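Visitor: Please find data20.pdb (PDB, C-alpha atoms and all ligand atoms) on the next line:
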```pdb
ATOM      1  CA  MET B   3      93.552  85.662 109.034  1.00  0.00           C
ATOM      2  CA  ASN B   4      94.442  86.569 105.491  1.00  0.00           C
ATOM      3  CA  VAL B   5      97.074  89.288 105.428  1.00  0.00           C
ATOM      4  CA  VAL B   6      99.014  91.184 102.750  1.00  0.00           C
ATOM      5  CA  PHE B   7     102.252  93.109 103.382  1.00  0.00           C
ATOM      6  CA  LEU B   8     102.473  95.902 100.828  1.00  0.00           C
ATOM      7  CA  GLY B   9     105.423  98.219 100.273  1.00  0.00           C
ATOM      8  CA  PRO B  10     108.488  99.009  98.192  1.00  0.00           C
ATOM      9  CA  PRO B  11     111.445  96.659  97.774  1.00  0.00           C
ATOM     10  CA  GLY B  12     113.778  97.067 100.744  1.00  0.00           C
ATOM     11  CA  ALA B  13     110.994  98.098 103.129  1.00  0.00           C
ATOM     12  CA  GLY B  14     111.657  95.103 105.392  1.00  0.00           C
ATOM     13  CA  LYS B  15     108.506  93.161 104.487  1.00  0.00           C
ATOM     14  CA  GLY B  16     110.319  89.837 104.209  1.00  0.00           C
ATOM     15  CA  THR B  17     112.224  90.175 107.479  1.00  0.00           C
ATOM     16  CA  GLN B  18     109.102  91.173 109.364  1.00  0.00           C
ATOM     17  CA  ALA B  19     106.920  88.577 107.650  1.00  0.00           C
ATOM     18  CA  ALA B  20     109.256  85.795 108.809  1.00  0.00           C
ATOM     19  CA  ARG B  21     108.894  86.996 112.425  1.00  0.00           C
ATOM     20  CA  ILE B  22     105.141  87.465 112.234  1.00  0.00           C
ATOM     21  CA  SER B  23     104.646  84.111 110.545  1.00  0.00           C
ATOM     22  CA  ALA B  24     106.448  82.347 113.415  1.00  0.00           C
ATOM     23  CA  CYS B  25     104.613  84.302 116.084  1.00  0.00           C
ATOM     24  CA  TYR B  26     101.078  83.896 114.697  1.00  0.00           C
ATOM     25  CA  GLY B  27     101.466  80.530 112.987  1.00  0.00           C
ATOM     26  CA  ILE B  28     100.431  81.495 109.462  1.00  0.00           C
ATOM     27  CA  PRO B  29     102.550  80.646 106.410  1.00  0.00           C
ATOM     28  CA  HIS B  30     104.782  83.371 104.985  1.00  0.00           C
ATOM     29  CA  ILE B  31     104.180  83.332 101.241  1.00  0.00           C
ATOM     30  CA  ALA B  32     106.849  85.417  99.500  1.00  0.00           C
ATOM     31  CA  THR B  33     106.459  85.339  95.731  1.00  0.00           C
ATOM     32  CA  GLY B  34     110.029  86.626  95.256  1.00  0.00           C
ATOM     33  CA  ASP B  35     111.379  83.667  97.287  1.00  0.00           C
ATOM     34  CA  MET B  36     109.205  81.241  95.304  1.00  0.00           C
ATOM     35  CA  LEU B  37     110.579  82.605  92.035  1.00  0.00           C
ATOM     36  CA  ARG B  38     114.202  82.525  93.251  1.00  0.00           C
ATOM     37  CA  GLU B  39     113.723  78.922  94.313  1.00  0.00           C
ATOM     38  CA  ALA B  40     112.282  78.010  90.910  1.00  0.00           C
ATOM     39  CA  ILE B  41     115.244  79.760  89.235  1.00  0.00           C
ATOM     40  CA  ALA B  42     117.744  77.886  91.428  1.00  0.00           C
ATOM     41  CA  ARG B  43     116.055  74.562  90.638  1.00  0.00           C
ATOM     42  CA  GLY B  44     115.927  75.341  86.916  1.00  0.00           C
ATOM     43  CA  THR B  45     112.218  74.553  86.550  1.00  0.00           C
ATOM     44  CA  GLU B  46     110.124  75.768  83.628  1.00  0.00           C
ATOM     45  CA  LEU B  47     108.797  78.623  85.799  1.00  0.00           C
ATOM     46  CA  GLY B  48     112.366  79.438  86.843  1.00  0.00           C
ATOM     47  CA  ARG B  49     113.586  79.658  83.245  1.00  0.00           C
ATOM     48  CA  LEU B  50     110.720  81.961  82.362  1.00  0.00           C
ATOM     49  CA  ALA B  51     111.081  84.143  85.468  1.00  0.00           C
ATOM     50  CA  ARG B  52     114.846  84.567  85.392  1.00  0.00           C
ATOM     51  CA  SER B  53     115.109  87.267  82.736  1.00  0.00           C
ATOM     52  CA  TYR B  54     112.470  89.387  84.438  1.00  0.00           C
ATOM     53  CA  VAL B  55     113.771  88.972  87.984  1.00  0.00           C
ATOM     54  CA  ASP B  56     117.431  89.676  87.183  1.00  0.00           C
ATOM     55  CA  ARG B  57     116.515  92.911  85.403  1.00  0.00           C
ATOM     56  CA  GLY B  58     114.175  94.097  88.157  1.00  0.00           C
ATOM     57  CA  GLU B  59     111.100  93.768  85.921  1.00  0.00           C
ATOM     58  CA  LEU B  60     107.828  92.147  86.966  1.00  0.00           C
ATOM     59  CA  VAL B  61     106.968  88.600  85.955  1.00  0.00           C
ATOM     60  CA  PRO B  62     103.686  88.615  83.932  1.00  0.00           C
ATOM     61  CA  ASP B  63     100.471  88.816  85.953  1.00  0.00           C
ATOM     62  CA  GLU B  64      98.951  85.563  84.626  1.00  0.00           C
ATOM     63  CA  VAL B  65     102.025  83.618  85.704  1.00  0.00           C
ATOM     64  CA  MET B  66     101.989  85.157  89.173  1.00  0.00           C
ATOM     65  CA  LEU B  67      98.273  84.632  89.647  1.00  0.00           C
ATOM     66  CA  ARG B  68      98.541  80.973  88.741  1.00  0.00           C
ATOM     67  CA  LEU B  69     101.466  80.538  91.152  1.00  0.00           C
ATOM     68  CA  VAL B  70      99.603  82.187  94.033  1.00  0.00           C
ATOM     69  CA  GLU B  71      96.373  80.328  93.308  1.00  0.00           C
ATOM     70  CA  GLU B  72      98.213  77.011  93.590  1.00  0.00           C
ATOM     71  CA  ARG B  73     100.023  78.077  96.745  1.00  0.00           C
ATOM     72  CA  LEU B  74      96.866  79.262  98.531  1.00  0.00           C
ATOM     73  CA  GLN B  75      95.318  75.856  97.959  1.00  0.00           C
ATOM     74  CA  GLU B  76      98.051  74.076  99.932  1.00  0.00           C
ATOM     75  CA  PRO B  77      96.799  72.693 103.246  1.00  0.00           C
ATOM     76  CA  ASP B  78      98.963  75.004 105.397  1.00  0.00           C
ATOM     77  CA  ALA B  79      97.306  78.091 103.891  1.00  0.00           C
ATOM     78  CA  ARG B  80      93.752  77.018 104.702  1.00  0.00           C
ATOM     79  CA  GLY B  81      93.772  78.717 108.105  1.00  0.00           C
ATOM     80  CA  GLY B  82      95.300  81.942 106.826  1.00  0.00           C
ATOM     81  CA  PHE B  83      98.276  83.377 104.969  1.00  0.00           C
ATOM     82  CA  LEU B  84     100.705  86.228 104.981  1.00  0.00           C
ATOM     83  CA  LEU B  85     101.450  87.382 101.440  1.00  0.00           C
ATOM     84  CA  ASP B  86     104.729  89.281 100.934  1.00  0.00           C
ATOM     85  CA  GLY B  87     105.483  90.786  97.516  1.00  0.00           C
ATOM     86  CA  PHE B  88     102.079  89.993  96.037  1.00  0.00           C
ATOM     87  CA  PRO B  89      99.971  91.655  94.698  1.00  0.00           C
ATOM     88  CA  ARG B  90     102.232  94.120  92.893  1.00  0.00           C
ATOM     89  CA  THR B  91      99.909  95.376  90.119  1.00  0.00           C
ATOM     90  CA  ARG B  92      96.252  96.320  89.796  1.00  0.00           C
ATOM     91  CA  PRO B  93      95.399  93.155  87.771  1.00  0.00           C
ATOM     92  CA  GLN B  94      97.084  91.025  90.463  1.00  0.00           C
ATOM     93  CA  ALA B  95      95.046  92.752  93.199  1.00  0.00           C
ATOM     94  CA  GLU B  96      91.821  92.221  91.253  1.00  0.00           C
ATOM     95  CA  GLY B  97      92.824  88.643  90.485  1.00  0.00           C
ATOM     96  CA  LEU B  98      93.464  88.006  94.193  1.00  0.00           C
ATOM     97  CA  ASP B  99      90.030  89.399  95.087  1.00  0.00           C
ATOM     98  CA  ALA B 100      88.393  87.126  92.519  1.00  0.00           C
ATOM     99  CA  LEU B 101      90.391  84.123  93.707  1.00  0.00           C
ATOM    100  CA  LEU B 102      89.484  84.714  97.359  1.00  0.00           C
ATOM    101  CA  ASP B 103      85.833  85.133  96.357  1.00  0.00           C
ATOM    102  CA  ARG B 104      85.902  81.743  94.689  1.00  0.00           C
ATOM    103  CA  MET B 105      87.424  80.283  97.862  1.00  0.00           C
ATOM    104  CA  HIS B 106      84.785  82.044 100.018  1.00  0.00           C
ATOM    105  CA  ARG B 107      87.506  83.966 101.790  1.00  0.00           C
ATOM    106  CA  ARG B 108      88.519  87.598 102.039  1.00  0.00           C
ATOM    107  CA  LEU B 109      91.442  89.805 103.007  1.00  0.00           C
ATOM    108  CA  ASP B 110      91.458  90.769 106.677  1.00  0.00           C
ATOM    109  CA  LEU B 111      94.421  93.150 106.675  1.00  0.00           C
ATOM    110  CA  VAL B 112      96.652  94.975 104.217  1.00  0.00           C
ATOM    111  CA  VAL B 113      99.641  96.522 105.973  1.00  0.00           C
ATOM    112  CA  PHE B 114     101.570  99.161 104.052  1.00  0.00           C
ATOM    113  CA  PHE B 115     105.255  99.728 104.942  1.00  0.00           C
ATOM    114  CA  ARG B 116     106.077 103.411 104.406  1.00  0.00           C
ATOM    115  CA  VAL B 117     109.813 104.066 103.798  1.00  0.00           C
ATOM    116  CA  PRO B 118     111.534 107.052 102.107  1.00  0.00           C
ATOM    117  CA  GLN B 119     113.311 106.411  98.765  1.00  0.00           C
ATOM    118  CA  GLU B 120     116.851 107.208  99.978  1.00  0.00           C
ATOM    119  CA  THR B 121     116.512 104.687 102.805  1.00  0.00           C
ATOM    120  CA  LEU B 122     115.383 101.997 100.347  1.00  0.00           C
ATOM    121  CA  LEU B 123     118.319 102.596  98.031  1.00  0.00           C
ATOM    122  CA  ARG B 124     120.822 102.335 100.883  1.00  0.00           C
ATOM    123  CA  ARG B 125     119.212  99.192 102.246  1.00  0.00           C
ATOM    124  CA  LEU B 126     119.063  97.374  98.920  1.00  0.00           C
ATOM    125  CA  VAL B 127     122.515  97.989  97.548  1.00  0.00           C
ATOM    126  CA  GLY B 128     124.221  96.956 100.820  1.00  0.00           C
ATOM    127  CA  ARG B 129     122.326  93.701 101.189  1.00  0.00           C
ATOM    128  CA  TRP B 130     124.077  90.278 101.173  1.00  0.00           C
ATOM    129  CA  ILE B 131     122.377  86.908 101.520  1.00  0.00           C
ATOM    130  CA  CYS B 132     123.627  83.485 102.585  1.00  0.00           C
ATOM    131  CA  ARG B 133     123.442  80.685 100.039  1.00  0.00           C
ATOM    132  CA  ALA B 134     122.400  77.972 102.454  1.00  0.00           C
ATOM    133  CA  ALA B 135     119.380  79.471 104.193  1.00  0.00           C
ATOM    134  CA  GLY B 136     118.793  83.022 102.978  1.00  0.00           C
ATOM    135  CA  HIS B 137     119.991  84.776 106.165  1.00  0.00           C
ATOM    136  CA  VAL B 138     120.210  88.487 105.425  1.00  0.00           C
ATOM    137  CA  TYR B 139     123.204  90.773 106.180  1.00  0.00           C
ATOM    138  CA  HIS B 140     123.902  94.417 105.504  1.00  0.00           C
ATOM    139  CA  GLU B 141     127.213  96.215 104.945  1.00  0.00           C
ATOM    140  CA  ASP B 142     126.227  99.093 107.244  1.00  0.00           C
ATOM    141  CA  HIS B 143     124.057  97.807 110.041  1.00  0.00           C
ATOM    142  CA  ARG B 144     124.449  94.038 110.111  1.00  0.00           C
ATOM    143  CA  PRO B 145     127.851  93.044 108.739  1.00  0.00           C
ATOM    144  CA  PRO B 146     128.858  89.383 109.087  1.00  0.00           C
ATOM    145  CA  ARG B 147     131.673  88.627 111.578  1.00  0.00           C
ATOM    146  CA  VAL B 148     133.812  87.151 108.771  1.00  0.00           C
ATOM    147  CA  PRO B 149     133.445  89.066 105.487  1.00  0.00           C
ATOM    148  CA  GLY B 150     131.585  87.046 102.857  1.00  0.00           C
ATOM    149  CA  ARG B 151     130.544  84.240 105.286  1.00  0.00           C
ATOM    150  CA  CYS B 152     127.266  83.633 107.101  1.00  0.00           C
ATOM    151  CA  ASP B 153     127.575  83.885 110.929  1.00  0.00           C
ATOM    152  CA  LEU B 154     124.957  81.190 111.411  1.00  0.00           C
ATOM    153  CA  ASP B 155     125.926  78.466 108.965  1.00  0.00           C
ATOM    154  CA  GLY B 156     129.279  79.552 107.468  1.00  0.00           C
ATOM    155  CA  SER B 157     127.932  79.471 103.912  1.00  0.00           C
ATOM    156  CA  GLU B 158     128.981  81.949 101.255  1.00  0.00           C
ATOM    157  CA  LEU B 159     127.213  85.326 101.103  1.00  0.00           C
ATOM    158  CA  TYR B 160     126.064  86.609  97.723  1.00  0.00           C
ATOM    159  CA  GLN B 161     124.432  89.718  96.356  1.00  0.00           C
ATOM    160  CA  ARG B 162     121.098  89.136  94.614  1.00  0.00           C
ATOM    161  CA  PRO B 163     121.567  90.044  90.921  1.00  0.00           C
ATOM    162  CA  ASP B 164     118.604  92.384  91.303  1.00  0.00           C
ATOM    163  CA  ASP B 165     120.272  94.166  94.255  1.00  0.00           C
ATOM    164  CA  ARG B 166     122.900  95.585  91.875  1.00  0.00           C
ATOM    165  CA  PRO B 167     122.514  99.337  91.369  1.00  0.00           C
ATOM    166  CA  GLU B 168     120.951  99.298  87.842  1.00  0.00           C
ATOM    167  CA  ALA B 169     118.368  96.694  88.794  1.00  0.00           C
ATOM    168  CA  VAL B 170     117.596  98.429  92.111  1.00  0.00           C
ATOM    169  CA  ALA B 171     116.854 101.678  90.290  1.00  0.00           C
ATOM    170  CA  ARG B 172     114.525  99.811  87.944  1.00  0.00           C
ATOM    171  CA  ARG B 173     112.751  97.969  90.786  1.00  0.00           C
ATOM    172  CA  LEU B 174     112.036 101.262  92.558  1.00  0.00           C
ATOM    173  CA  GLU B 175     110.717 102.769  89.312  1.00  0.00           C
ATOM    174  CA  VAL B 176     108.498  99.735  88.671  1.00  0.00           C
ATOM    175  CA  TYR B 177     107.253  99.956  92.252  1.00  0.00           C
ATOM    176  CA  GLU B 178     106.260 103.620  91.844  1.00  0.00           C
ATOM    177  CA  GLN B 179     104.496 103.006  88.539  1.00  0.00           C
ATOM    178  CA  GLN B 180     102.750  99.691  89.161  1.00  0.00           C
ATOM    179  CA  THR B 181     102.594  98.882  92.875  1.00  0.00           C
ATOM    180  CA  ALA B 182     102.260 102.245  94.655  1.00  0.00           C
ATOM    181  CA  PRO B 183      98.727 102.780  93.209  1.00  0.00           C
ATOM    182  CA  LEU B 184      97.589  99.737  95.223  1.00  0.00           C
ATOM    183  CA  VAL B 185      97.802 101.892  98.365  1.00  0.00           C
ATOM    184  CA  GLU B 186      94.721 103.774  97.159  1.00  0.00           C
ATOM    185  CA  TYR B 187      93.072 100.554  95.969  1.00  0.00           C
ATOM    186  CA  TYR B 188      93.213  99.106  99.487  1.00  0.00           C
ATOM    187  CA  ARG B 189      92.909 102.333 101.490  1.00  0.00           C
ATOM    188  CA  ALA B 190      89.347 102.627 100.237  1.00  0.00           C
ATOM    189  CA  ARG B 191      88.496  99.485 102.227  1.00  0.00           C
ATOM    190  CA  GLY B 192      88.371  98.969 105.970  1.00  0.00           C
ATOM    191  CA  VAL B 193      91.320  96.557 105.949  1.00  0.00           C
ATOM    192  CA  PHE B 194      94.141  99.061 105.328  1.00  0.00           C
ATOM    193  CA  ARG B 195      96.826  99.837 107.976  1.00  0.00           C
ATOM    194  CA  GLU B 196     100.178 101.578 107.748  1.00  0.00           C
ATOM    195  CA  VAL B 197     103.521 101.205 109.598  1.00  0.00           C
ATOM    196  CA  ASP B 198     106.627 103.374 109.553  1.00  0.00           C
ATOM    197  CA  GLY B 199     109.044 100.929 107.915  1.00  0.00           C
ATOM    198  CA  ALA B 200     111.977 103.267 108.594  1.00  0.00           C
ATOM    199  CA  ALA B 201     111.749 102.622 112.356  1.00  0.00           C
ATOM    200  CA  GLY B 202     114.126 100.040 113.876  1.00  0.00           C
ATOM    201  CA  LEU B 203     113.554  96.327 113.263  1.00  0.00           C
ATOM    202  CA  ALA B 204     112.266  95.523 116.760  1.00  0.00           C
ATOM    203  CA  GLU B 205     110.058  98.606 116.813  1.00  0.00           C
ATOM    204  CA  VAL B 206     108.429  97.704 113.470  1.00  0.00           C
ATOM    205  CA  THR B 207     107.773  94.170 114.766  1.00  0.00           C
ATOM    206  CA  ARG B 208     106.203  95.616 117.938  1.00  0.00           C
ATOM    207  CA  ARG B 209     103.887  97.873 115.921  1.00  0.00           C
ATOM    208  CA  LEU B 210     102.918  95.060 113.542  1.00  0.00           C
ATOM    209  CA  CYS B 211     102.036  92.809 116.475  1.00  0.00           C
ATOM    210  CA  ALA B 212      99.861  95.593 117.894  1.00  0.00           C
ATOM    211  CA  ILE B 213      98.012  95.859 114.562  1.00  0.00           C
ATOM    212  CA  LEU B 214      97.515  92.088 114.289  1.00  0.00           C
ATOM    213  CA  ASP B 215      96.447  91.720 117.935  1.00  0.00           C
ATOM    214  CA  GLU B 216      93.942  94.515 117.505  1.00  0.00           C
ATOM    215  CA  ALA B 217      92.550  92.773 114.421  1.00  0.00           C
ATOM    216  CA  GLY B 218      91.944  89.731 116.608  1.00  0.00           C
ATOM    217  CA  MET B 219      94.672  87.488 115.247  1.00  0.00           C
ATOM    218  CA  GLY B 220      95.692  84.774 117.709  1.00  0.00           C
ATOM    219  CA  ARG B 221      99.323  84.010 118.583  1.00  0.00           C
ATOM    220  CA  VAL B 222     100.701  80.462 118.694  1.00  0.00           C
TER     221      VAL B 222
HETATM  222  P1  LIG B 301     111.093  90.416  95.903  1.00  0.00           P
HETATM  223  O1  LIG B 301     111.925  89.378  96.561  1.00  0.00           O
HETATM  224  O2  LIG B 301     109.704  90.503  96.460  1.00  0.00           O
HETATM  225  O3  LIG B 301     111.780  91.760  95.854  1.00  0.00           O
HETATM  226  O4  LIG B 301     110.897  89.949  94.379  1.00  0.00           O
HETATM  227  C1  LIG B 301     112.015  89.780  93.532  1.00  0.00           C
HETATM  228  C2  LIG B 301     111.589  89.819  92.075  1.00  0.00           C
HETATM  229  O5  LIG B 301     110.681  88.745  91.807  1.00  0.00           O
HETATM  230  C3  LIG B 301     110.840  91.065  91.640  1.00  0.00           C
HETATM  231  O6  LIG B 301     111.707  92.132  91.329  1.00  0.00           O
HETATM  232  C4  LIG B 301     110.096  90.543  90.417  1.00  0.00           C
HETATM  233  O7  LIG B 301     110.964  90.400  89.316  1.00  0.00           O
HETATM  234  C5  LIG B 301     109.691  89.152  90.865  1.00  0.00           C
HETATM  235  N1  LIG B 301     108.387  89.164  91.556  1.00  0.00           N
HETATM  236  C6  LIG B 301     108.137  88.862  92.864  1.00  0.00           C
HETATM  237  N2  LIG B 301     106.834  88.981  93.152  1.00  0.00           N
HETATM  238  C7  LIG B 301     106.227  89.387  92.012  1.00  0.00           C
HETATM  239  C8  LIG B 301     104.888  89.711  91.658  1.00  0.00           C
HETATM  240  N3  LIG B 301     103.901  89.682  92.564  1.00  0.00           N
HETATM  241  N4  LIG B 301     104.642  90.084  90.385  1.00  0.00           N
HETATM  242  C9  LIG B 301     105.625  90.131  89.458  1.00  0.00           C
HETATM  243  N5  LIG B 301     106.900  89.855  89.724  1.00  0.00           N
HETATM  244  C10 LIG B 301     107.218  89.489  90.986  1.00  0.00           C
END
```
Could you express the structure from this file as structure tokens?
Guide:
Amino acid sequence: MNVVFLGPPGAGKGTQAARISACYGIPHIATGDMLREAIARGTELGRLARSYVDRGELVPDEVMLRLVEERLQEPDARGGFLLDGFPRTRPQAEGLDALLDRMHRRLDLVVFFRVPQETLLRRLVGRWICRAAGHVYHEDHRPPRVPGRCDLDGSELYQRPDDRPEAVARRLEVYEQQTAPLVEYYRARGVFREVDGAAGLAEVTRRLCAILDEAGMGRV
């Protein structure tokens, strides 16, 4: 099964994708995580991506398409993938279609996470992440037991530079302008589904599983 999670930043795509990936045994491919890793390692891609990511701007389409093309050719993605945070623009969506064509594959599902703007803002600016493993906390609804420390591995919590208020505002604007139109792009096909991303975590997972089960995706 080849699946895309589509939706605004802060919609919970990453959290849900990690759960779904474990449950259905397909790799979770999060382009934002790949870029952050490249930035942390100081690779050529990381140096290029940094200025865009920190400001909440999109990394150029050609760069992203090349990155995803390489990733989809890895052995673990042969049996299916769960893309999170890609595609984000019309050229990326068209590029993905062309790439899948060349690989004699196609998208089976595009799930759109619908969440109101005010909820997104609140979620993003209160988010803190652990340095060691990326565990996610939130000031309001999932505070760590010890402030500034991860409950699971004790590592330091940090705020993503792009979760600061100016960058969050820009990311939401970029989403509206460039990514939101993809809803219509995919809705026109039979593969489009929608979930209420403002529901509770467990409830969203339950609904996603129902969608994937109905599409015939097997659990591990
Ligand atoms: P995310 O973790 O998905 O919110 O992504 C964090 C940042 O990485 C975004 O704000 C962009 O700067 C960059 N990024 C991630 N995925 C893409 C993409 N598909 N196209 C362009 N930039 C991206």
Visitor: Can you tell me, as a PyMOL selection string, what residues are no more than 9 Å from Leu69 (chain B) when counting only C-alpha atoms, ignoring any on the same chain fewer than 5 positions away?
Guide: chain B and resi 33+36+64+74
Visitor: Tell me, counting all atoms listed in the file, for each residue of chain B within 7 Å of ligand LIG 301 (chain B), which pair of atoms is nearest and how far apart they are in Å to one decimal, in rows ordered by chain and increasing number, as a tab-separated table.
Guide:
```
residue	atom	partner	partner_atom	distance
B:Pro11	CA	B:LIG301	O3	5.3
B:Ala32	CA	B:LIG301	O2	6.6
B:Thr33	CA	B:LIG301	N2	4.5
B:Gly34	CA	B:LIG301	O4	3.5
B:Asp35	CA	B:LIG301	O1	5.8
B:Leu37	CA	B:LIG301	O5	6.1
B:Tyr54	CA	B:LIG301	O7	5.2
B:Val55	CA	B:LIG301	O7	3.4
B:Asp56	CA	B:LIG301	O7	6.8
B:Gly58	CA	B:LIG301	O6	4.5
B:Glu59	CA	B:LIG301	O7	4.8
B:Leu60	CA	B:LIG301	N5	3.7
B:Val61	CA	B:LIG301	N5	4.0
B:Pro62	CA	B:LIG301	C9	6.0
B:Asp63	CA	B:LIG301	N4	6.2
B:Met66	CA	B:LIG301	N4	5.7
B:Asp86	CA	B:LIG301	O2	6.8
B:Gly87	CA	B:LIG301	O2	4.4
B:Phe88	CA	B:LIG301	N3	3.9
B:Pro89	CA	B:LIG301	N3	4.9
B:Arg90	CA	B:LIG301	N3	4.8
B:Asp164	CA	B:LIG301	O6	6.9
B:Arg173	CA	B:LIG301	O6	6.0
```
Visitor: Since I can't run it myself right now, could you work out what the PyMOL selection byres (((chain B and resi 106-121) around 9) and not hetatm) selects here and report it as a PyMOL selection string?
Guide: chain B and resi 3-10+12-15+99+101-105+122-126+174+185+188-189+192-201+210+213-214+217
Visitor: What would the file look like if the residues just selected were written as a tab-separated table (two decimals), in the frame of the given file with C-alpha atoms?
Guide:
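Output contents, as saved in part-v2.tsv:
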```
chain	number	residue	atom	x	y	z
B	3	MET	CA	93.55	85.66	109.03
B	4	ASN	CA	94.44	86.57	105.49
B	5	VAL	CA	97.07	89.29	105.43
B	6	VAL	CA	99.01	91.18	102.75
B	7	PHE	CA	102.25	93.11	103.38
B	8	LEU	CA	102.47	95.90	100.83
B	9	GLY	CA	105.42	98.22	100.27
B	10	PRO	CA	108.49	99.01	98.19
B	12	GLY	CA	113.78	97.07	100.74
B	13	ALA	CA	110.99	98.10	103.13
B	14	GLY	CA	111.66	95.10	105.39
B	15	LYS	CA	108.51	93.16	104.49
B	99	ASP	CA	90.03	89.40	95.09
B	101	LEU	CA	90.39	84.12	93.71
B	102	LEU	CA	89.48	84.71	97.36
B	103	ASP	CA	85.83	85.13	96.36
B	104	ARG	CA	85.90	81.74	94.69
B	105	MET	CA	87.42	80.28	97.86
B	122	LEU	CA	115.38	102.00	100.35
B	123	LEU	CA	118.32	102.60	98.03
B	124	ARG	CA	120.82	102.34	100.88
B	125	ARG	CA	119.21	99.19	102.25
B	126	LEU	CA	119.06	97.37	98.92
B	174	LEU	CA	112.04	101.26	92.56
B	185	VAL	CA	97.80	101.89	98.36
B	188	TYR	CA	93.21	99.11	99.49
B	189	ARG	CA	92.91	102.33	101.49
B	192	GLY	CA	88.37	98.97	105.97
B	193	VAL	CA	91.32	96.56	105.95
B	194	PHE	CA	94.14	99.06	105.33
B	195	ARG	CA	96.83	99.84	107.98
B	196	GLU	CA	100.18	101.58	107.75
B	197	VAL	CA	103.52	101.20	109.60
B	198	ASP	CA	106.63	103.37	109.55
B	199	GLY	CA	109.04	100.93	107.92
B	200	ALA	CA	111.98	103.27	108.59
B	201	ALA	CA	111.75	102.62	112.36
B	210	LEU	CA	102.92	95.06	113.54
B	213	ILE	CA	98.01	95.86	114.56
B	214	LEU	CA	97.52	92.09	114.29
B	217	ALA	CA	92.55	92.77	114.42
```
Visitor: Report the distance between CA of Gly128 (chain B) and CA of Thr181 (chain B) in Å, rounded to one decimal place.
Guide: 23.1 Å
Visitor: Find the distance between CA of Gly44 (chain B) and CA of Arg57 (chain B) and write it in Å to one decimal.
Guide: 17.6 Å
Visitor: Grab the CA of Ala212 (chain B) to CA of Ala19 (chain B) distance for me, in Å with one decimal place.
Guide: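 A separation of 14.3 Å between them.
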Visitor: For Tyr177 (chain B), which residue among B:Thr45, B:Thr91, B:Gln161, B:Ser23 is the nearest when counting all atoms listed in the file?
Guide: B:Thr91
Visitor: Run the PyMOL selection byres (((chain B and resi 138-141) around 12) and not hetatm) against the file shown and list the residues it catches, as number ranges by chain.
Guide: B: 12, 14, 16-17, 20, 124-137, 142-154, 157-162, 165
Visitor: Run the PyMOL selection byres (((chain B and resi 25) around 12) and not hetatm) on the file and write out the hits as a list in words.
Guide: Gln18, Ala19, Ala20, Arg21, Ile22, Ser23, Ala24, Tyr26, Gly27, Ile28, Pro29, His30, Leu84, Thr207, Arg208, Leu210, Cys211, Leu214, Asp215, Met219, Gly220, Arg221 and Val222 of chain B
